[in-house]
>>> print(open('structure.cif').read())   # mmCIF, C-alpha atoms and all ligand atoms
data_target
#
loop_
_atom_site.label_atom_id
_atom_site.label_comp_id
_atom_site.auth_asym_id
_atom_site.auth_seq_id
_atom_site.Cartn_x
_atom_site.Cartn_y
_atom_site.Cartn_z
CA MET A 17 111.54 147.56 66.59
CA SER A 18 111.71 146.10 70.09
CA LYS A 19 114.58 143.82 71.08
CA MET A 20 112.26 140.81 71.05
CA ASP A 21 109.83 140.95 68.16
CA TRP A 22 108.09 137.60 68.09
CA LYS A 23 106.24 138.50 64.90
CA LYS A 24 109.51 138.77 63.02
CA LYS A 25 110.24 135.36 61.56
CA PRO A 26 113.91 135.32 60.68
CA LEU A 27 113.80 132.20 58.51
CA GLU A 28 111.11 130.36 56.63
CA ASP A 29 110.24 126.86 57.88
CA LYS A 30 112.05 125.26 54.94
CA GLN A 31 115.21 127.23 55.70
CA ILE A 32 115.03 126.29 59.40
CA ARG A 33 114.83 122.61 58.44
CA GLU A 34 117.82 123.01 56.13
CA GLU A 35 119.84 124.64 58.93
CA VAL A 36 118.90 121.83 61.34
CA ASP A 37 119.92 119.20 58.78
CA ARG A 38 123.21 120.98 58.11
CA PHE A 39 123.95 121.14 61.85
CA TYR A 40 123.38 117.41 62.51
CA ARG A 41 125.00 116.34 59.24
CA GLU A 42 128.14 118.18 60.39
CA ILE A 43 127.93 116.33 63.72
CA VAL A 44 127.45 112.86 62.24
CA THR A 45 130.26 113.36 59.71
CA GLY A 46 132.63 114.63 62.41
CA GLN A 47 132.93 118.16 61.02
CA ARG A 48 131.38 119.63 64.17
CA GLU A 49 132.47 118.65 67.64
CA ILE A 50 130.20 118.36 70.67
CA THR A 51 131.78 119.99 73.68
CA GLY A 52 131.56 118.56 77.21
CA ASN A 53 131.73 115.08 78.62
CA ALA A 54 128.82 112.98 77.34
CA ASP A 55 128.91 110.53 80.27
CA ASP A 56 128.67 113.41 82.76
CA LEU A 57 125.61 114.59 80.86
CA TYR A 58 123.92 111.16 80.94
CA ALA A 59 124.73 110.79 84.66
CA SER A 60 123.21 114.22 85.36
CA LEU A 61 120.06 113.19 83.45
CA GLY A 62 119.63 110.08 85.62
CA TYR A 63 120.60 107.45 83.03
CA ASP A 64 121.69 104.04 84.33
CA MET A 65 125.45 104.53 83.91
CA GLU A 66 126.26 100.83 83.94
CA MET A 67 124.06 100.42 80.87
CA VAL A 68 125.37 103.63 79.27
CA GLN A 69 128.97 102.50 79.64
CA SER A 70 128.19 99.12 78.12
CA LEU A 71 127.47 100.94 74.84
CA PRO A 72 130.19 101.91 72.35
CA GLU A 73 131.55 105.41 72.77
CA ASP A 74 130.25 106.62 69.40
CA VAL A 75 126.62 106.15 70.50
CA ARG A 76 127.24 108.21 73.64
CA SER A 77 127.13 111.39 71.59
CA GLY A 78 125.81 113.75 74.27
CA LEU A 79 122.97 115.05 72.09
CA SER A 80 120.23 114.42 74.69
CA CYS A 81 118.64 117.08 76.87
CA GLY A 82 116.54 114.92 79.18
CA ASN A 83 115.67 111.34 79.97
CA PRO A 84 112.43 110.15 78.34
CA LEU A 85 113.16 106.61 79.60
CA GLU A 86 112.73 107.69 83.20
CA LYS A 87 108.96 107.14 83.19
CA LEU A 88 108.74 104.76 80.21
CA MET A 89 107.30 101.32 80.84
CA LEU A 90 107.17 98.81 77.99
CA LEU A 91 105.07 95.69 78.42
CA PRO A 92 106.12 92.43 76.75
CA GLY A 93 105.56 92.67 72.99
CA GLU A 94 104.88 96.41 72.96
CA THR A 95 106.36 98.51 70.15
CA LEU A 96 108.29 101.72 70.72
CA LEU A 97 109.16 104.58 68.37
CA ASP A 98 111.92 107.08 69.12
CA LEU A 99 111.34 110.32 67.20
CA GLY A 100 114.70 111.71 66.08
CA SER A 101 116.74 108.78 67.35
CA GLY A 102 120.19 110.10 66.34
CA ALA A 103 122.85 107.44 66.94
CA GLY A 104 120.25 105.30 68.78
CA MET A 105 121.16 105.94 72.41
CA ASP A 106 117.61 105.76 73.84
CA ILE A 107 116.64 102.81 71.65
CA PHE A 108 119.62 100.76 72.87
CA MET A 109 118.87 101.75 76.47
CA ALA A 110 115.21 100.76 76.00
CA ARG A 111 116.23 97.36 74.60
CA MET A 112 118.41 96.72 77.67
CA LYS A 113 115.72 97.91 80.09
CA PHE A 114 112.84 96.05 78.43
CA PRO A 115 114.28 92.91 76.82
CA ASP A 116 110.81 91.36 76.30
CA SER A 117 109.30 94.31 74.46
CA GLY A 118 108.38 94.13 70.78
CA THR A 119 110.12 95.90 67.91
CA LEU A 120 111.87 99.12 68.85
CA TYR A 121 111.91 101.67 66.01
CA GLY A 122 114.28 104.61 65.79
CA MET A 123 113.41 107.26 63.21
CA ASP A 124 115.69 110.06 62.09
CA LYS A 125 115.56 112.50 59.20
CA LEU A 126 119.21 112.05 58.27
CA PRO A 127 120.16 108.83 56.42
CA GLU A 128 123.71 109.26 57.82
CA MET A 129 122.37 109.08 61.41
CA VAL A 130 120.28 106.01 60.57
CA LYS A 131 123.33 104.28 59.06
CA LYS A 132 125.42 105.10 62.12
CA ALA A 133 122.75 103.69 64.47
CA GLU A 134 122.45 100.54 62.32
CA ARG A 135 126.22 100.01 62.41
CA ILE A 136 126.21 100.22 66.22
CA ARG A 137 123.18 97.90 66.47
CA ASP A 138 124.89 95.31 64.28
CA LYS A 139 128.19 95.65 66.15
CA LYS A 140 126.39 95.06 69.47
CA GLY A 141 124.25 92.28 67.97
CA MET A 142 121.08 93.85 69.36
CA GLU A 143 117.89 92.30 68.06
CA ASN A 144 114.41 93.50 67.25
CA ILE A 145 115.54 97.06 66.52
CA GLU A 146 114.82 98.89 63.27
CA PHE A 147 116.12 102.30 62.27
CA VAL A 148 114.25 104.18 59.54
CA VAL A 149 114.68 107.47 57.73
CA GLY A 150 111.68 109.69 58.35
CA SER A 151 110.51 113.09 59.44
CA LEU A 152 108.46 114.19 62.43
CA ILE A 153 105.93 115.71 60.04
CA ASP A 154 105.68 112.68 57.72
CA MET A 155 106.31 109.51 59.69
CA PRO A 156 106.79 106.37 57.56
CA PHE A 157 104.43 104.32 59.72
CA GLU A 158 100.89 103.13 59.22
CA ASP A 159 98.06 104.35 61.46
CA GLU A 160 97.89 102.93 65.00
CA LYS A 161 101.12 100.96 64.70
CA ILE A 162 103.03 102.01 67.82
CA ASN A 163 102.26 101.45 71.53
CA LYS A 164 104.65 103.99 73.05
CA MET A 165 106.74 106.87 71.74
CA ILE A 166 109.74 108.71 73.11
CA SER A 167 111.62 111.75 71.90
CA ASN A 168 114.71 113.42 73.29
CA CYS A 169 115.49 116.98 72.29
CA VAL A 170 114.01 116.85 68.78
CA ILE A 171 110.49 118.34 68.65
CA ASN A 172 111.94 121.81 69.34
CA LEU A 173 113.82 121.51 66.03
CA GLU A 174 110.68 121.24 63.86
CA PRO A 175 108.81 124.50 63.20
CA ASN A 176 105.41 122.87 62.49
CA LYS A 177 104.67 121.41 65.93
CA LYS A 178 100.95 120.98 65.23
CA LYS A 179 101.77 118.58 62.39
CA VAL A 180 104.19 116.69 64.66
CA TYR A 181 101.48 116.06 67.25
CA GLU A 182 98.96 115.12 64.52
CA GLU A 183 101.43 112.53 63.22
CA MET A 184 102.08 111.19 66.72
CA TYR A 185 98.33 110.84 67.27
CA ARG A 186 97.90 109.06 63.92
CA VAL A 187 100.71 106.54 64.47
CA LEU A 188 100.02 105.73 68.14
CA VAL A 189 97.50 103.01 69.00
CA PRO A 190 94.40 104.33 70.79
CA GLY A 191 95.44 104.72 74.41
CA GLY A 192 99.13 104.77 73.43
CA MET A 193 101.50 107.00 75.36
CA PHE A 194 104.37 109.33 74.60
CA PHE A 195 107.27 110.47 76.77
CA VAL A 196 109.03 113.60 75.57
CA SER A 197 111.97 115.51 76.95
CA ASP A 198 112.81 118.76 75.24
CA ILE A 199 113.93 122.32 75.74
CA THR A 200 111.74 125.33 76.42
CA LEU A 201 112.57 129.01 76.45
CA LYS A 202 112.54 130.60 79.92
CA GLN A 203 113.84 134.01 78.92
CA ASP A 204 114.43 136.10 75.82
CA LEU A 205 117.20 135.02 73.51
CA THR A 206 119.89 137.63 72.96
CA GLN A 207 120.00 139.27 69.55
CA GLY A 208 123.30 137.47 68.89
CA MET A 209 121.58 134.13 69.50
CA ARG A 210 118.61 135.10 67.33
CA ASP A 211 120.92 136.03 64.48
CA SER A 212 122.88 132.77 64.68
CA LYS A 213 121.81 130.07 62.24
CA ASP A 214 123.44 127.42 64.47
CA ILE A 215 120.86 128.19 67.17
CA TYR A 216 118.25 126.32 65.10
CA GLY A 217 120.19 123.10 65.57
CA THR A 218 121.05 123.42 69.24
C1 LIG B 301 119.56 116.74 69.49
S1 LIG B 301 119.70 115.31 68.43
C2 LIG B 301 118.97 114.10 69.52
C3 LIG B 301 119.30 112.69 69.13
C4 LIG B 301 118.78 111.62 70.09
N1 LIG B 301 117.37 111.80 70.36
C5 LIG B 301 119.58 111.63 71.38
O1 LIG B 301 119.03 112.00 72.43
O2 LIG B 301 120.77 111.24 71.35
C6 LIG B 301 118.45 115.62 67.23
C7 LIG B 301 118.25 114.52 66.17
O3 LIG B 301 116.97 114.73 65.55
C8 LIG B 301 117.09 114.61 64.15
N2 LIG B 301 116.03 115.47 63.57
C9 LIG B 301 115.99 116.81 63.49
N3 LIG B 301 114.85 117.22 62.95
C10 LIG B 301 114.14 116.11 62.67
C11 LIG B 301 112.86 115.88 62.09
N4 LIG B 301 112.08 116.88 61.69
N5 LIG B 301 112.44 114.59 61.95
C12 LIG B 301 113.22 113.56 62.35
N6 LIG B 301 114.44 113.72 62.90
C13 LIG B 301 114.90 114.98 63.07
C14 LIG B 301 118.51 115.05 63.85
O4 LIG B 301 118.96 114.54 62.60
C15 LIG B 301 119.28 114.52 65.06
O5 LIG B 301 119.74 113.21 64.84
#
>>> encode(input="structure.cif", output="structure tokens", more="lines below")
Ligand SMILES: C[S@@+](CC[C@H](N)C(=O)[O-])C[C@H]1O[C@@H](n2cnc3c(N)ncnc32)[C@H](O)[C@@H]1O
Amino acid sequence: MSKMDWKKKPLEDKQIREEVDRFYREIVTGQREITGNADDLYASLGYDMEMVQSLPEDVRSGLSCGNPLEKLMLLPGETLLDLGSGAGMDIFMARMKFPDSGTLYGMDKLPEMVKKAERIRDKKGMENIEFVVGSLIDMPFEDEKINKMISNCVINLEPNKKKVYEEMYRVLVPGGMFFVSDITLKQDLTQGMRDSKDIYGT
């Protein structure tokens, strides 16, 4: 067998999702530490650091891999959905950048993440923000509900990408827009990486 056999599927989709959930549950419960300085990361991604530093430290979790807010423009009253919102970083940034926009929704698969984001929202007294438990492949939103979507380092975690894009299309209003930052593979993974279950979460 060659070093890189793309036909070999190490884990079933269900197992991949379980590994991803385990990884982020360990993060949100403090059993797994994120290495590196989160503020350095946000600065390198072009975030407005004055806004970042106005947020509590526990929302600056350093889980992002890009800046979907860079090109985002929200008109007054427009709704936004963040797919895989984690502790709510991009939702809180969007609220500060676009104070006149409509409801900002953050959706995450883990109830623990949603609770954490809600606690931070309530502590900061930020309004017109709702966090909901939901999956990229089964979004708890009616058809054509959302004007704009963002996602930061989440779509790579879901094996069924076709279903993700079908759901995005269903939930966005006609002519709606999405702004995604994510990771792509530029070279082969080493065998050690391919054998590591943690790689599904990173
Ligand atoms: C890398 S973190 C990014 C969090 C946030 N977007 C940020 O930039 O801080 C990935 C998040 O996506 C969530 N997640 C993973 N798979 C998901 C799925 N299929 N549907 C919804 N959320 C998912 C995880 O629970 C975790 O909170």
>>> axis_aligned_box(input="structure.cif", around="ligand LIG 301 (chain B)", padding_each_side="6 Å", output="lines of an AutoDock Vina configuration file")
center_x = 116.4
center_y = 114.2
center_z = 67.1
size_x = 20.7
size_y = 18.0
size_z = 22.7
>>> closest_atom_pairs(input="structure.cif", of="chain A", to="ligand LIG 301 (chain B)", cutoff="8 Å", atoms="only C-alpha atoms and all ligand atoms", output="Markdown table")
| residue | atom | partner | partner_atom | distance |
| --- | --- | --- | --- | --- |
| A:Arg33 | CA | B:LIG301 | N3 | 7.0 |
| A:Val36 | CA | B:LIG301 | C9 | 6.2 |
| A:Asp37 | CA | B:LIG301 | O4 | 6.1 |
| A:Tyr40 | CA | B:LIG301 | O4 | 5.3 |
| A:Arg41 | CA | B:LIG301 | O4 | 7.1 |
| A:Val75 | CA | B:LIG301 | O2 | 7.8 |
| A:Arg76 | CA | B:LIG301 | O2 | 7.5 |
| A:Ser77 | CA | B:LIG301 | O2 | 6.4 |
| A:Gly78 | CA | B:LIG301 | O2 | 6.3 |
| A:Leu79 | CA | B:LIG301 | O2 | 4.5 |
| A:Ser80 | CA | B:LIG301 | O1 | 3.5 |
| A:Cys81 | CA | B:LIG301 | O1 | 6.8 |
| A:Gly82 | CA | B:LIG301 | O1 | 7.8 |
| A:Asp98 | CA | B:LIG301 | N1 | 7.3 |
| A:Leu99 | CA | B:LIG301 | C12 | 6.1 |
| A:Gly100 | CA | B:LIG301 | N6 | 3.8 |
| A:Ser101 | CA | B:LIG301 | N1 | 4.3 |
| A:Gly102 | CA | B:LIG301 | O5 | 3.5 |
| A:Ala103 | CA | B:LIG301 | O2 | 6.2 |
| A:Gly104 | CA | B:LIG301 | O2 | 6.5 |
| A:Met105 | CA | B:LIG301 | O2 | 5.4 |
| A:Asp106 | CA | B:LIG301 | O1 | 6.6 |
| A:Met123 | CA | B:LIG301 | C12 | 6.4 |
| A:Asp124 | CA | B:LIG301 | N6 | 4.0 |
| A:Lys125 | CA | B:LIG301 | N6 | 4.1 |
| A:Leu126 | CA | B:LIG301 | O4 | 5.0 |
| A:Met129 | CA | B:LIG301 | O5 | 6.0 |
| A:Val149 | CA | B:LIG301 | C12 | 7.8 |
| A:Gly150 | CA | B:LIG301 | C12 | 5.8 |
| A:Ser151 | CA | B:LIG301 | N5 | 3.5 |
| A:Leu152 | CA | B:LIG301 | N5 | 4.0 |
| A:Ile153 | CA | B:LIG301 | N4 | 6.5 |
| A:Ser167 | CA | B:LIG301 | N1 | 6.0 |
| A:Asn168 | CA | B:LIG301 | N1 | 4.3 |
| A:Cys169 | CA | B:LIG301 | C1 | 4.9 |
| A:Val170 | CA | B:LIG301 | C6 | 4.9 |
| A:Ile171 | CA | B:LIG301 | N3 | 7.3 |
| A:Leu173 | CA | B:LIG301 | N3 | 5.4 |
| A:Glu174 | CA | B:LIG301 | N4 | 5.1 |
| A:Gly217 | CA | B:LIG301 | C1 | 7.5 |
| A:Thr218 | CA | B:LIG301 | C1 | 6.8 |
>>> residues_near_point(input="structure.cif", point="(109.8, 106.0, 82.4)", cutoff="12 Å", atoms="only C-alpha atoms", output="PDB file with C-alpha atoms, in the frame of the given file")
ATOM      1  CA  GLY A  62     119.630 110.080  85.620  1.00  0.00           C
ATOM      2  CA  TYR A  63     120.600 107.450  83.030  1.00  0.00           C
ATOM      3  CA  GLY A  82     116.540 114.920  79.180  1.00  0.00           C
ATOM      4  CA  ASN A  83     115.670 111.340  79.970  1.00  0.00           C
ATOM      5  CA  PRO A  84     112.430 110.150  78.340  1.00  0.00           C
ATOM      6  CA  LEU A  85     113.160 106.610  79.600  1.00  0.00           C
ATOM      7  CA  GLU A  86     112.730 107.690  83.200  1.00  0.00           C
ATOM      8  CA  LYS A  87     108.960 107.140  83.190  1.00  0.00           C
ATOM      9  CA  LEU A  88     108.740 104.760  80.210  1.00  0.00           C
ATOM     10  CA  MET A  89     107.300 101.320  80.840  1.00  0.00           C
ATOM     11  CA  LEU A  90     107.170  98.810  77.990  1.00  0.00           C
ATOM     12  CA  ASP A 106     117.610 105.760  73.840  1.00  0.00           C
ATOM     13  CA  MET A 109     118.870 101.750  76.470  1.00  0.00           C
ATOM     14  CA  ALA A 110     115.210 100.760  76.000  1.00  0.00           C
ATOM     15  CA  LYS A 113     115.720  97.910  80.090  1.00  0.00           C
ATOM     16  CA  PHE A 114     112.840  96.050  78.430  1.00  0.00           C
ATOM     17  CA  LYS A 164     104.650 103.990  73.050  1.00  0.00           C
ATOM     18  CA  MET A 165     106.740 106.870  71.740  1.00  0.00           C
ATOM     19  CA  ILE A 166     109.740 108.710  73.110  1.00  0.00           C
ATOM     20  CA  MET A 193     101.500 107.000  75.360  1.00  0.00           C
ATOM     21  CA  PHE A 194     104.370 109.330  74.600  1.00  0.00           C
ATOM     22  CA  PHE A 195     107.270 110.470  76.770  1.00  0.00           C
ATOM     23  CA  VAL A 196     109.030 113.600  75.570  1.00  0.00           C
ATOM     24  CA  SER A 197     111.970 115.510  76.950  1.00  0.00           C
TER      25      SER A 197
END
>>> residues_around(input="structure.cif", residues="Asp29 in chain A", least_positions_apart="2", cutoff="12 Å", atoms="all atoms listed in the file", output="list in words")
Lys25, Pro26, Leu27, Gln31, Ile32, Arg33, Glu34, Glu35, Val36, Leu173, Glu174, Pro175, Asn176, Lys177 and Tyr216 of chain A
>>> atom_distance(input="structure.cif", atom1="CA of Glu42 in chain A", atom2="CA of Ala54 in chain A")
17.7 Å
>>> atom_distance(input="structure.cif", atom1="CA of Met184 in chain A", atom2="CA of Lys161 in chain A")
10.5 Å
>>> atom_distance(input="structure.cif", atom1="CA of Ile43 in chain A", atom2="CA of Glu73 in chain A")
14.6 Å
>>> closest_residue(input="structure.cif", among="A:Pro92, A:Pro115, A:Pro156, A:Gly208", to="Glu183 in chain A", atoms="all atoms listed in the file")
A:Pro156
>>> closest_residue(input="structure.cif", among="A:Ile162, A:Leu97, A:Val187, A:Ile50", to="Ile145 in chain A", atoms="all atoms listed in the file")
A:Leu97
>>> closest_residue(input="structure.cif", among="A:Ser60, A:Pro127, A:Glu49, A:Asn144", to="Gly93 in chain A", atoms="all atoms listed in the file")
A:Asn144
